[in-house]
Amino acid sequence: MAPTFEDYGLTVADAQSAMSANLHPRMLLALCHGIYTCIFLVALYYIAESTQLTRKRIILASTITFLWCTSTIVVGLQWHSVNETFIKHGLSLDDEFNFAISGGTETLTGSVFRALNTILADLILIWRCWVLYGGKLIVVAVPSLCLVTETISIGLILGRFAVSAVGTSQVNWTLVYYSMTVATNSLCTFLILFRIMQVSGVGASLKTYRGIIEILVESAVMYAAIYIALLVVYAYEFYSPNVVVMTAYTYPAVISYSITGIAPTLIIARVMAGHSRPDDSWTRPSLPHLQSPMRSLAESLRFANFPENSTGTQHTPANVDVEQGRVLDIAEGERGCDDRT
């Protein structure tokens, strides 16, 4: 006889809460994926609009296409699981619950594609950070180490899924995975924000809509924010003695599935559309907002050039003060003399 939810120490309310967390977040996932699909199509339009089909454009287009395809597969697997759980096995709450906790190959397959999405999105964020700092590897060394740790933790999680090793480890590798993901994208977000402020200036970056959009898109703030929220909610539910069934973390989790693809797609779309700064502009030694006011004033001055005579000397009109390098107003000079007399 199949176990019931009572065998797991759950009440009817707990089981219903668990099944609601199995359905409602997936409805939210479908909505988020629809928004993601629109952004993906716009990005493809900007890439296809260009007459120059360079190697870089092909690689970037392939990257965001792969991200969207893996995200679409995850959504399809999630809704197939909904159909299996609530339609084919929806005769009773016990049947729904038993099928939902059984997992199976769909859970493993979906986890693999989600892991590929996350790793690739973090790689794109590290690449963008590397570009903004002029190819300095030392800048992205720590985020890269966090990504390696994240990849290792993902491998251990998938390995436990494959062998169904539940409760055999003293380490919560899911929490390690979320922590390393937050560390990777938070560091990259901070470095990109700092670089934008350094190049554009704090005031210039926040005074225009273009500057605000540059900050939000280039730094992938929403990508870091959703994973921070996911980490906090997951850790709270996991360690809280009052939480019987972990349900709240599933909402930021499904949003993160789409945000993982949306954030790098927006970055690449902005680059392909020509709205981002040229790559060499991030490493120019002289920046307009860093110049002193006197230097800017001196560069804006323009002096008159006078024709030379046959002996090679310049004809200087009487109303030009050569020593001071400026043109005097005769009328103003005469009024000044009258005032002194």
# chains A, B, ... in the order shown; residues from 1 in each chain; ligands from 1

$ residues_around --residues "segment 47-58 of chain A" --least-positions-apart "4" --cutoff "10 Å" --atoms "only C-alpha atoms" --output "list in words"
Leu41, Val42, Ala43, Ser62, Thr63, Ile268, Ala269, Arg270, Val271, Met272 and Ala273 of chain A

$ atom_distance --atom1 "atom CA of Met19 of chain A" --atom2 "atom CA of Leu108 of chain A"
19.6 Å

$ residues_around --residues "Val75 of chain A" --least-positions-apart "5" --cutoff "9 Å" --atoms "only C-alpha atoms" --output "mmCIF file with C-alpha atoms, in the first residue's frame"
data_model
loop_
_atom_site.group_PDB
_atom_site.id
_atom_site.type_symbol
_atom_site.label_atom_id
_atom_site.label_comp_id
_atom_site.auth_asym_id
_atom_site.auth_seq_id
_atom_site.Cartn_x
_atom_site.Cartn_y
_atom_site.Cartn_z
ATOM 1 C CA ARG A 26 3.886 27.029 -12.119
ATOM 2 C CA LEU A 29 6.196 30.528 -14.243
ATOM 3 C CA ALA A 30 4.062 30.454 -17.392
ATOM 4 C CA HIS A 33 8.085 32.816 -19.491
ATOM 5 C CA THR A 70 16.414 25.418 -22.109
ATOM 6 C CA HIS A 80 3.739 18.072 -17.918
ATOM 7 C CA GLY A 110 14.461 19.912 -15.342
ATOM 8 C CA TYR A 257 13.937 30.487 -13.946
#

$ closest_residue --among "A:Asp14, A:Asp122, A:Glu237, A:Glu96" --to "Tyr249 of chain A" --atoms "only C-alpha atoms"
A:Glu237

$ closest_residue --among "A:Ala115, A:Ile226, A:Phe86, A:Ile126" --to "Glu150 of chain A" --atoms "only C-alpha atoms"
A:Ala115
